[in-house]
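**Q** My questions all concern the structure below.
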Amino acid sequence: MNDEYILENYLKQGVEGIVKDALKATLKNPRQSIFMARYAVSSKNANKLRDEAHERGEHVPPFLIASITSKCNLHCSGCYSRSNKSCTDNIAVDQLSDRDWLRIFNEAKELGIGFIILAGGEPLMRPDVIKSAAGVQEILFPIFTNGTMLDDEYMNLISKSCNLIPVLSIEGNEQITDSRRGIGVYEKLMVVMDKLKESKIIYGASVTVTSENIYDVTGEEFLDKLSSRGCKAVFYVEYVPVDSETSQLAPQENERELLSRKLLELRLKYDDMLFIWFPGDEKEAGGCLAAGRGFFHINSHGGAEPCPFSPYSDTDLRKVSLKEALASPLFKKLQHSSILTEEHKGGCVLFEKEETVQQLMSLNN
């Protein structure tokens with residue numbers, strides 16, 4: 001059994017598992033449940049398109065991450081995006097237009113890409129792009145947001161479209177969240193969660209896992225609070241250090257093993273919630289899924305990057321199609337090298353191999 005076959009089946013099973021769990025999570029919400037049933041059909045059609053591409057010798061990942069703006073209204077401590085200058089307070093310039101993003105979303109649909117994570121900056125600062133995403137019902141758009149801009153207008157749009165899934169960033173309890181995101185943010189999130197539950201909108205939570213909060217964010221007190229407020233999905237994202245001074249916050253091997261064990265327990269206890277761990281245990285997939293193997297990242301200027309934590313690009317989506325971007329020389333070099341598939345202790349492989357990625361980039365010039 002070759003590596004490509006293993007990867008294709010891992011991705012297909014992963015997508016089917018997410019759809020199945022999402023259906024289960026929406027059983028008590030008829031409107032959302034009807035949408036998810038329709039989306040399950042779209043997901044099968046997307047699988048078929050990717051299978052057909054694979055038979056032609058082409059690989060199409062099921063996921064994309066799209067940072068639709070570089071602007072943000074918060075200053076979170078230890079923010080990777082602000083550290084690498086991809087996030088700013090200033091008026092966003094030289095960004096992909098609303099029309100560019102709509103074209104990319106439609107091209108993704110035609111290729112069989114079924115999930116596009118909308119990120120930033122703060123993605124809710126691009127309302128027209130959010131509205132464009134709402135119109136592409138064959139794709140599920142988790143919106144990774146700090147939650148402070150989820151007003152009534154957004155609530156109405158999300159309630160009507162169903163394919164937009166707010167994913168609110170939270171760091172644990174009030175003290176931990178406010179210490180990183182700013183005083184009063186936690187309380188704002190609680191108010192927003194209550195409104196989402198009242199409006200019967202399916203939403204999730206994104207948790208940056210560090211060595212300091214891992215016990216709190218995997219504990220029953222924290223998860224019971226999310227569950228009672230209607231949260232249906234929890235994304236655990238391992239912290240990526242912005243510099244050597246914050247490296248101690250990144251989860252180590254023993255903490256990743258703890259998280260792996262806890263997830264087995266949590267998925268049994270909270271059977272109406274979906275738990276996703278990034279990067280998680282990628283060994284089943286034969287290594288890192290970045291650079292188009294399972295997903296890739298589009299920055300706000302249109303650059304196709306291996307992942308958000310490896311911000312290097314040789315392809316501009318203002319000039320090429322999404323299909324052409326998948327053939328990026330950098331992506332091909334990463335896929336054909338051992339860097340994505342070699343044994344590693346965990347965490348973000350490409351972030352740890354930054355010099356190697358830069359060397360591959362220089363070979364293109």
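We name chains A, B, ... following the order of the structure tokens; residues begin at 1 in each chain, and ligands are numbered from 1 as shown.
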Per residue of range 115-172 of chain A within 10 Å of range 209-230 of chain A, record the nearest atom pair and its distance in Å to one decimal, counting only C-alpha atoms, with rows in chain order and ascending residue number, as CSV.

**A**
residue,atom,partner,partner_atom,distance
A:Ile170,CA,A:Val217,CA,9.3
A:Glu171,CA,A:Val217,CA,7.3
A:Gly172,CA,A:Val217,CA,5.2

**Q** Using the selection just defined, write its residues with all heavy atoms as a short mmCIF file (atom, residue, chain, number, x, y, z; two decimals), in the first residue's frame.

**A**
data_model
loop_
_atom_site.label_atom_id
_atom_site.label_comp_id
_atom_site.auth_asym_id
_atom_site.auth_seq_id
_atom_site.Cartn_x
_atom_site.Cartn_y
_atom_site.Cartn_z
N ILE A 170 -10.92 31.39 22.64
CA ILE A 170 -10.97 31.48 24.10
C ILE A 170 -9.79 30.70 24.66
O ILE A 170 -9.41 29.67 24.10
CB ILE A 170 -12.33 30.97 24.64
CG1 ILE A 170 -12.47 31.22 26.14
CG2 ILE A 170 -12.54 29.50 24.30
CD1 ILE A 170 -13.88 30.97 26.67
N GLU A 171 -9.21 31.18 25.75
CA GLU A 171 -7.97 30.58 26.25
C GLU A 171 -8.15 29.73 27.50
O GLU A 171 -7.18 29.19 28.03
CB GLU A 171 -6.95 31.69 26.57
CG GLU A 171 -6.78 32.72 25.47
CD GLU A 171 -6.31 32.12 24.16
OE1 GLU A 171 -5.56 31.13 24.19
OE2 GLU A 171 -6.73 32.63 23.11
N GLY A 172 -9.40 29.62 27.97
CA GLY A 172 -9.65 28.91 29.22
C GLY A 172 -10.58 29.74 30.09
O GLY A 172 -11.55 30.32 29.58
#

**Q** Taking 2 positions as the minimum chain separation for residues in the same chain, which residues sit within 8 Å of range 254-258 of chain A when counting only C-alpha atoms? Answer as a PyMOL selection string.

**A** chain A and resi 211+214+251-252+260-262+346

**Q** So that I can check the surroundings of range 122-125 of chain A, please list as a list in words every protein, DNA and RNA residue that reaches within 7 Å of it, counting only C-alpha atoms and ignoring chain neighbours fewer than 3 positions away.

**A** Ile68, Thr69, Lys71, Cys72, Asn73, Leu118, Ala119, Thr145, Asn146 and Met149 of chain A

**Q** Can I get the selection written as a PDB file, in the first residue's frame, with all heavy atoms?

**A**
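See again.pdb below for the written result:
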ATOM      1  N   ILE A  68      -8.423  36.294   5.327  1.00  0.00           N
ATOM      2  CA  ILE A  68      -9.067  37.234   4.410  1.00  0.00           C
ATOM      3  C   ILE A  68      -8.755  38.697   4.723  1.00  0.00           C
ATOM      4  O   ILE A  68      -9.115  39.577   3.953  1.00  0.00           O
ATOM      5  CB  ILE A  68     -10.595  37.009   4.360  1.00  0.00           C
ATOM      6  CG1 ILE A  68     -11.231  37.201   5.734  1.00  0.00           C
ATOM      7  CG2 ILE A  68     -10.904  35.614   3.811  1.00  0.00           C
ATOM      8  CD1 ILE A  68     -12.759  37.068   5.722  1.00  0.00           C
ATOM      9  N   THR A  69      -8.070  38.950   5.826  1.00  0.00           N
ATOM     10  CA  THR A  69      -7.630  40.314   6.136  1.00  0.00           C
ATOM     11  C   THR A  69      -6.421  40.253   7.051  1.00  0.00           C
ATOM     12  O   THR A  69      -6.233  39.287   7.797  1.00  0.00           O
ATOM     13  CB  THR A  69      -8.741  41.140   6.805  1.00  0.00           C
ATOM     14  OG1 THR A  69      -8.268  42.481   7.034  1.00  0.00           O
ATOM     15  CG2 THR A  69      -9.174  40.538   8.130  1.00  0.00           C
ATOM     16  N   LYS A  71      -5.976  42.872   9.120  1.00  0.00           N
ATOM     17  CA  LYS A  71      -6.324  43.826  10.173  1.00  0.00           C
ATOM     18  C   LYS A  71      -7.015  43.124  11.340  1.00  0.00           C
ATOM     19  O   LYS A  71      -7.801  42.198  11.142  1.00  0.00           O
ATOM     20  CB  LYS A  71      -7.235  44.918   9.607  1.00  0.00           C
ATOM     21  CG  LYS A  71      -7.396  46.129  10.517  1.00  0.00           C
ATOM     22  CD  LYS A  71      -8.180  47.231   9.835  1.00  0.00           C
ATOM     23  CE  LYS A  71      -8.304  48.443  10.745  1.00  0.00           C
ATOM     24  NZ  LYS A  71      -9.102  49.533  10.123  1.00  0.00           N
ATOM     25  N   CYS A  72      -6.728  43.591  12.564  1.00  0.00           N
ATOM     26  CA  CYS A  72      -7.365  43.004  13.752  1.00  0.00           C
ATOM     27  C   CYS A  72      -7.631  44.101  14.773  1.00  0.00           C
ATOM     28  O   CYS A  72      -6.899  45.090  14.856  1.00  0.00           O
ATOM     29  CB  CYS A  72      -6.475  41.922  14.363  1.00  0.00           C
ATOM     30  SG  CYS A  72      -7.291  41.024  15.719  1.00  0.00           S
ATOM     31  N   ASN A  73      -8.691  43.900  15.550  1.00  0.00           N
ATOM     32  CA  ASN A  73      -9.077  44.900  16.549  1.00  0.00           C
ATOM     33  C   ASN A  73      -8.567  44.581  17.954  1.00  0.00           C
ATOM     34  O   ASN A  73      -8.829  45.330  18.885  1.00  0.00           O
ATOM     35  CB  ASN A  73     -10.606  45.049  16.580  1.00  0.00           C
ATOM     36  CG  ASN A  73     -11.310  43.764  16.974  1.00  0.00           C
ATOM     37  OD1 ASN A  73     -10.865  42.677  16.637  1.00  0.00           O
ATOM     38  ND2 ASN A  73     -12.416  43.883  17.679  1.00  0.00           N
ATOM     39  N   LEU A 118     -11.965  30.478   7.536  1.00  0.00           N
ATOM     40  CA  LEU A 118     -11.763  31.910   7.359  1.00  0.00           C
ATOM     41  C   LEU A 118     -11.072  32.466   8.594  1.00  0.00           C
ATOM     42  O   LEU A 118     -11.572  32.339   9.719  1.00  0.00           O
ATOM     43  CB  LEU A 118     -13.100  32.618   7.128  1.00  0.00           C
ATOM     44  CG  LEU A 118     -13.899  32.158   5.896  1.00  0.00           C
ATOM     45  CD1 LEU A 118     -15.179  32.975   5.766  1.00  0.00           C
ATOM     46  CD2 LEU A 118     -13.070  32.265   4.618  1.00  0.00           C
ATOM     47  N   ALA A 119      -9.904  33.057   8.372  1.00  0.00           N
ATOM     48  CA  ALA A 119      -9.101  33.565   9.473  1.00  0.00           C
ATOM     49  C   ALA A 119      -8.642  34.980   9.147  1.00  0.00           C
ATOM     50  O   ALA A 119      -9.111  35.604   8.209  1.00  0.00           O
ATOM     51  CB  ALA A 119      -7.919  32.620   9.716  1.00  0.00           C
ATOM     52  N   THR A 145     -12.794  33.611  14.838  1.00  0.00           N
ATOM     53  CA  THR A 145     -12.973  35.010  15.212  1.00  0.00           C
ATOM     54  C   THR A 145     -12.744  35.219  16.699  1.00  0.00           C
ATOM     55  O   THR A 145     -12.944  34.295  17.507  1.00  0.00           O
ATOM     56  CB  THR A 145     -14.404  35.469  14.839  1.00  0.00           C
ATOM     57  OG1 THR A 145     -14.648  36.765  15.391  1.00  0.00           O
ATOM     58  CG2 THR A 145     -15.461  34.504  15.364  1.00  0.00           C
ATOM     59  N   ASN A 146     -12.338  36.444  17.063  1.00  0.00           N
ATOM     60  CA  ASN A 146     -12.221  36.740  18.495  1.00  0.00           C
ATOM     61  C   ASN A 146     -13.591  36.979  19.124  1.00  0.00           C
ATOM     62  O   ASN A 146     -13.702  37.105  20.340  1.00  0.00           O
ATOM     63  CB  ASN A 146     -11.272  37.916  18.748  1.00  0.00           C
ATOM     64  CG  ASN A 146     -11.708  39.211  18.092  1.00  0.00           C
ATOM     65  OD1 ASN A 146     -12.873  39.618  18.163  1.00  0.00           O
ATOM     66  ND2 ASN A 146     -10.756  39.896  17.451  1.00  0.00           N
ATOM     67  N   MET A 149     -16.894  41.130  17.456  1.00  0.00           N
ATOM     68  CA  MET A 149     -17.606  41.858  16.405  1.00  0.00           C
ATOM     69  C   MET A 149     -18.854  41.114  15.916  1.00  0.00           C
ATOM     70  O   MET A 149     -19.446  41.492  14.907  1.00  0.00           O
ATOM     71  CB  MET A 149     -16.664  42.136  15.224  1.00  0.00           C
ATOM     72  CG  MET A 149     -15.460  42.983  15.591  1.00  0.00           C
ATOM     73  SD  MET A 149     -14.414  43.350  14.170  1.00  0.00           S
ATOM     74  CE  MET A 149     -15.488  44.457  13.242  1.00  0.00           C
TER      75      MET A 149
END

**Q** Tell me, which residues of range 103-330 of chain A carry DSSP alpha helix (DSSP H), written as a PyMOL selection string?

**A** chain A and resi 103-111+127-134+152-161+174-181+185-198+214-217+220-228+253-269+322-325+329-330

**Q** Can you write out the residues you just picked, keeping C-alpha atoms, as an mmCIF file, in the first residue's frame?

**A**
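The resulting file, part-v5.cif, is shown below:
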data_model
loop_
_atom_site.group_PDB
_atom_site.id
_atom_site.type_symbol
_atom_site.label_atom_id
_atom_site.label_comp_id
_atom_site.auth_asym_id
_atom_site.auth_seq_id
_atom_site.Cartn_x
_atom_site.Cartn_y
_atom_site.Cartn_z
ATOM 1 C CA ARG A 103 -13.630 33.537 -7.396
ATOM 2 C CA ILE A 104 -11.383 31.479 -5.110
ATOM 3 C CA PHE A 105 -14.374 30.083 -3.208
ATOM 4 C CA ASN A 106 -16.103 29.049 -6.444
ATOM 5 C CA GLU A 107 -12.920 27.498 -7.833
ATOM 6 C CA ALA A 108 -12.547 25.569 -4.573
ATOM 7 C CA LYS A 109 -16.088 24.232 -4.974
ATOM 8 C CA GLU A 110 -15.333 23.067 -8.521
ATOM 9 C CA LEU A 111 -12.161 21.281 -7.354
ATOM 10 C CA PRO A 127 -18.223 41.634 5.889
ATOM 11 C CA ASP A 128 -18.533 41.487 2.081
ATOM 12 C CA VAL A 129 -16.215 38.462 1.918
ATOM 13 C CA ILE A 130 -18.259 36.767 4.653
ATOM 14 C CA LYS A 131 -21.425 37.438 2.625
ATOM 15 C CA SER A 132 -19.770 35.942 -0.475
ATOM 16 C CA ALA A 133 -18.880 32.812 1.496
ATOM 17 C CA ALA A 134 -22.473 32.507 2.694
ATOM 18 C CA ASP A 152 -26.972 41.285 15.346
ATOM 19 C CA GLU A 153 -26.377 41.749 11.602
ATOM 20 C CA TYR A 154 -23.810 38.957 11.562
ATOM 21 C CA MET A 155 -26.061 36.806 13.734
ATOM 22 C CA ASN A 156 -28.887 37.158 11.192
ATOM 23 C CA LEU A 157 -26.606 36.327 8.258
ATOM 24 C CA ILE A 158 -25.159 33.249 9.977
ATOM 25 C CA SER A 159 -28.587 32.076 11.109
ATOM 26 C CA LYS A 160 -29.932 32.212 7.538
ATOM 27 C CA SER A 161 -26.949 30.743 5.684
ATOM 28 C CA GLU A 174 -11.670 34.383 32.631
ATOM 29 C CA GLN A 175 -8.253 35.107 34.118
ATOM 30 C CA ILE A 176 -6.337 33.162 31.443
ATOM 31 C CA THR A 177 -8.410 34.541 28.544
ATOM 32 C CA ASP A 178 -8.266 38.178 29.641
ATOM 33 C CA SER A 179 -4.534 37.992 30.412
ATOM 34 C CA ARG A 180 -3.897 37.133 26.764
ATOM 35 C CA ARG A 181 -6.742 38.862 24.908
ATOM 36 C CA VAL A 185 -12.931 39.892 26.459
ATOM 37 C CA TYR A 186 -14.005 36.775 28.366
ATOM 38 C CA GLU A 187 -17.234 38.385 29.531
ATOM 39 C CA LYS A 188 -17.963 39.571 25.977
ATOM 40 C CA LEU A 189 -17.481 35.995 24.765
ATOM 41 C CA MET A 190 -19.949 34.679 27.345
ATOM 42 C CA VAL A 191 -22.560 37.195 26.165
ATOM 43 C CA VAL A 192 -21.967 36.269 22.517
ATOM 44 C CA MET A 193 -22.207 32.538 23.295
ATOM 45 C CA ASP A 194 -25.516 33.054 25.066
ATOM 46 C CA LYS A 195 -26.864 34.985 22.055
ATOM 47 C CA LEU A 196 -25.681 32.268 19.675
ATOM 48 C CA LYS A 197 -27.410 29.622 21.782
ATOM 49 C CA GLU A 198 -30.582 31.708 21.997
ATOM 50 C CA ILE A 214 -3.561 22.588 29.057
ATOM 51 C CA TYR A 215 -5.110 21.270 32.275
ATOM 52 C CA ASP A 216 -7.720 24.028 32.428
ATOM 53 C CA VAL A 217 -8.881 23.758 28.791
ATOM 54 C CA GLU A 220 -14.683 19.356 32.833
ATOM 55 C CA GLU A 221 -15.367 22.758 34.415
ATOM 56 C CA PHE A 222 -14.259 24.581 31.252
ATOM 57 C CA LEU A 223 -15.907 22.171 28.811
ATOM 58 C CA ASP A 224 -19.145 21.942 30.821
ATOM 59 C CA LYS A 225 -19.410 25.727 30.598
ATOM 60 C CA LEU A 226 -18.945 25.627 26.811
ATOM 61 C CA SER A 227 -21.388 22.746 26.434
ATOM 62 C CA SER A 228 -24.061 24.417 28.560
ATOM 63 C CA GLU A 253 5.887 15.631 24.191
ATOM 64 C CA ASN A 254 4.472 14.613 27.590
ATOM 65 C CA GLU A 255 1.782 17.300 27.309
ATOM 66 C CA ARG A 256 0.853 16.178 23.801
ATOM 67 C CA GLU A 257 0.512 12.632 25.113
ATOM 68 C CA LEU A 258 -1.746 13.986 27.861
ATOM 69 C CA LEU A 259 -3.889 15.816 25.291
ATOM 70 C CA SER A 260 -4.124 12.693 23.143
ATOM 71 C CA ARG A 261 -5.380 10.644 26.127
ATOM 72 C CA LYS A 262 -7.779 13.367 27.244
ATOM 73 C CA LEU A 263 -9.327 13.618 23.781
ATOM 74 C CA LEU A 264 -10.252 9.932 23.881
ATOM 75 C CA GLU A 265 -12.103 10.560 27.147
ATOM 76 C CA LEU A 266 -13.704 13.829 26.016
ATOM 77 C CA ARG A 267 -15.085 12.357 22.789
ATOM 78 C CA LEU A 268 -16.873 9.712 24.844
ATOM 79 C CA LYS A 269 -18.144 12.022 27.562
ATOM 80 C CA LEU A 322 -6.530 27.835 -7.388
ATOM 81 C CA LYS A 323 -5.727 24.712 -9.391
ATOM 82 C CA GLU A 324 -2.505 26.299 -10.638
ATOM 83 C CA ALA A 325 -1.610 27.340 -7.080
ATOM 84 C CA PRO A 329 7.013 24.884 -7.103
ATOM 85 C CA LEU A 330 7.519 25.335 -3.352
#

**Q** I need the residue nearest Ser300 in chain A from this list: A:Pro142, A:Gly121, A:Pro279, A:Gly184. Use only C-alpha atoms for the distance.

**A**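 Closest residue, counting only C-alpha atoms: A:Gly121.
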
**Q** Where in range 29-86 of chain A does DSSP assign strand (DSSP E), given as a PyMOL selection string?

**A** chain A and resi 63-67

**Q** What gap, in Å, lies between CA of Phe115 in chain A and CA of Leu140 in chain A?

**A**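 Straight-line distance from CA of Phe115 in chain A to CA of Leu140 in chain A works out to 4.9 Å.
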
**Q** Just the number, please: distance in Å from CA of Ser199 in chain A to CA of Gly147 in chain A, one decimal.

**A**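 Interatomic distance here is 15.4 Å.
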
**Q** Which is closer to Gly182 in chain A than all the others in A:Val19, A:Leu74, A:Ala290, A:Ile143, using only C-alpha atoms?

**A**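 Of the candidates, the smallest distance to Gly182 in chain A is held by A:Leu74.
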
**Q** Near Val60 in chain A, counting only C-alpha atoms, which residues have an atom at most 9 Å away, once you skip same-chain residues fewer than 3 positions from it, shown as number ranges by chain?

**A** A: 49-51, 53-54, 63, 111-113, 292-295, 323, 326

**Q** Let's have the selection written as a short mmCIF file (atom, residue, chain, number, x, y, z; two decimals), in the first residue's frame, with all heavy atoms.

**A**
data_model
loop_
_atom_site.label_atom_id
_atom_site.label_comp_id
_atom_site.auth_asym_id
_atom_site.auth_seq_id
_atom_site.Cartn_x
_atom_site.Cartn_y
_atom_site.Cartn_z
N LEU A 49 -15.06 14.34 -6.80
CA LEU A 49 -14.22 15.22 -7.61
C LEU A 49 -12.75 15.04 -7.26
O LEU A 49 -11.89 15.00 -8.16
CB LEU A 49 -14.63 16.68 -7.40
CG LEU A 49 -15.96 17.11 -8.00
CD1 LEU A 49 -16.32 18.53 -7.53
CD2 LEU A 49 -15.90 17.07 -9.53
N ARG A 50 -12.44 14.90 -5.97
CA ARG A 50 -11.03 14.72 -5.57
C ARG A 50 -10.53 13.34 -6.01
O ARG A 50 -9.36 13.20 -6.40
CB ARG A 50 -10.89 14.89 -4.06
CG ARG A 50 -11.21 16.31 -3.58
CD ARG A 50 -10.67 16.57 -2.17
NE ARG A 50 -11.15 15.59 -1.21
CZ ARG A 50 -12.30 15.68 -0.54
NH1 ARG A 50 -13.11 16.72 -0.75
NH2 ARG A 50 -12.66 14.76 0.31
N ASP A 51 -11.40 12.33 -5.95
CA ASP A 51 -11.02 10.99 -6.42
C ASP A 51 -10.69 11.02 -7.92
O ASP A 51 -9.71 10.41 -8.37
CB ASP A 51 -12.14 9.98 -6.16
CG ASP A 51 -12.26 9.59 -4.70
OD1 ASP A 51 -11.28 9.84 -3.95
OD2 ASP A 51 -13.31 9.06 -4.30
N ALA A 53 -9.70 13.59 -9.64
CA ALA A 53 -8.44 14.31 -9.81
C ALA A 53 -7.26 13.40 -9.49
O ALA A 53 -6.24 13.41 -10.19
CB ALA A 53 -8.42 15.54 -8.91
N HIS A 54 -7.42 12.58 -8.43
CA HIS A 54 -6.35 11.66 -8.03
C HIS A 54 -6.06 10.65 -9.14
O HIS A 54 -4.90 10.32 -9.41
CB HIS A 54 -6.75 10.94 -6.75
CG HIS A 54 -5.67 10.05 -6.20
ND1 HIS A 54 -4.47 10.54 -5.75
CD2 HIS A 54 -5.63 8.70 -6.03
CE1 HIS A 54 -3.72 9.53 -5.33
NE2 HIS A 54 -4.40 8.42 -5.49
N PHE A 63 -9.24 20.69 2.44
CA PHE A 63 -9.33 21.88 3.29
C PHE A 63 -8.51 23.03 2.71
O PHE A 63 -7.52 22.81 2.01
CB PHE A 63 -8.79 21.59 4.69
CG PHE A 63 -9.45 20.46 5.39
CD1 PHE A 63 -8.90 19.19 5.34
CD2 PHE A 63 -10.61 20.64 6.12
CE1 PHE A 63 -9.51 18.12 6.00
CE2 PHE A 63 -11.22 19.59 6.78
CZ PHE A 63 -10.67 18.33 6.71
N LEU A 111 -13.26 22.25 -7.54
CA LEU A 111 -12.16 21.28 -7.35
C LEU A 111 -12.53 20.18 -6.36
O LEU A 111 -11.87 19.13 -6.33
CB LEU A 111 -10.91 22.01 -6.87
CG LEU A 111 -10.17 22.89 -7.88
CD1 LEU A 111 -9.06 23.67 -7.19
CD2 LEU A 111 -9.60 22.04 -9.01
N GLY A 112 -13.54 20.41 -5.52
CA GLY A 112 -13.91 19.42 -4.52
C GLY A 112 -13.39 19.73 -3.14
O GLY A 112 -13.31 18.85 -2.28
N ILE A 113 -13.06 20.99 -2.89
CA ILE A 113 -12.64 21.43 -1.56
C ILE A 113 -13.90 21.77 -0.77
O ILE A 113 -14.69 22.61 -1.20
CB ILE A 113 -11.69 22.64 -1.65
CG1 ILE A 113 -10.37 22.22 -2.33
CG2 ILE A 113 -11.43 23.23 -0.27
CD1 ILE A 113 -9.46 23.37 -2.68
N GLY A 292 -0.42 21.66 0.67
CA GLY A 292 -1.32 21.04 -0.28
C GLY A 292 -1.55 19.56 -0.08
O GLY A 292 -2.37 18.97 -0.78
N ARG A 293 -0.86 18.93 0.87
CA ARG A 293 -1.10 17.50 1.10
C ARG A 293 -2.50 17.30 1.68
O ARG A 293 -3.23 16.41 1.26
CB ARG A 293 -0.04 16.90 2.04
CG ARG A 293 1.35 16.86 1.46
CD ARG A 293 2.31 16.13 2.38
NE ARG A 293 2.16 14.69 2.28
CZ ARG A 293 1.92 13.87 3.31
NH1 ARG A 293 1.77 14.37 4.52
NH2 ARG A 293 1.82 12.58 3.13
N GLY A 294 -2.84 18.13 2.67
CA GLY A 294 -4.19 18.08 3.25
C GLY A 294 -4.85 19.44 3.25
O GLY A 294 -6.07 19.56 3.29
N PHE A 295 -4.02 20.49 3.20
CA PHE A 295 -4.51 21.86 3.17
C PHE A 295 -3.36 22.77 2.75
O PHE A 295 -2.20 22.34 2.68
CB PHE A 295 -5.04 22.30 4.54
CG PHE A 295 -3.96 22.49 5.58
CD1 PHE A 295 -3.34 23.72 5.76
CD2 PHE A 295 -3.54 21.42 6.36
CE1 PHE A 295 -2.33 23.88 6.70
CE2 PHE A 295 -2.52 21.58 7.31
CZ PHE A 295 -1.92 22.81 7.47
N LYS A 323 -6.31 25.95 -8.90
CA LYS A 323 -5.73 24.71 -9.39
C LYS A 323 -4.25 24.90 -9.72
O LYS A 323 -3.41 24.03 -9.40
CB LYS A 323 -6.48 24.22 -10.63
CG LYS A 323 -6.00 22.88 -11.16
CD LYS A 323 -6.85 22.41 -12.33
CE LYS A 323 -6.37 21.05 -12.84
NZ LYS A 323 -7.22 20.56 -13.95
N LEU A 326 -2.05 24.99 -6.60
CA LEU A 326 -1.74 23.68 -6.03
C LEU A 326 -0.46 23.10 -6.62
O LEU A 326 0.17 22.23 -6.02
CB LEU A 326 -2.89 22.71 -6.26
CG LEU A 326 -4.10 22.90 -5.34
CD1 LEU A 326 -5.29 22.10 -5.85
CD2 LEU A 326 -3.75 22.47 -3.91
#

**Q** Find, counting only C-alpha atoms, the residue in A:Ala66, A:Arg56, A:Thr341, A:Ala327 that gets nearest to Leu102 in chain A.

**A** A:Ala66

**Q** Measuring atom to atom with only C-alpha atoms, identify which of A:Met361, A:Leu350, A:Leu274, A:Ile117 is nearest to Thr315 in chain A.

**A**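 When distances to Thr315 in chain A are compared using only C-alpha atoms, the smallest one comes from A:Met361.
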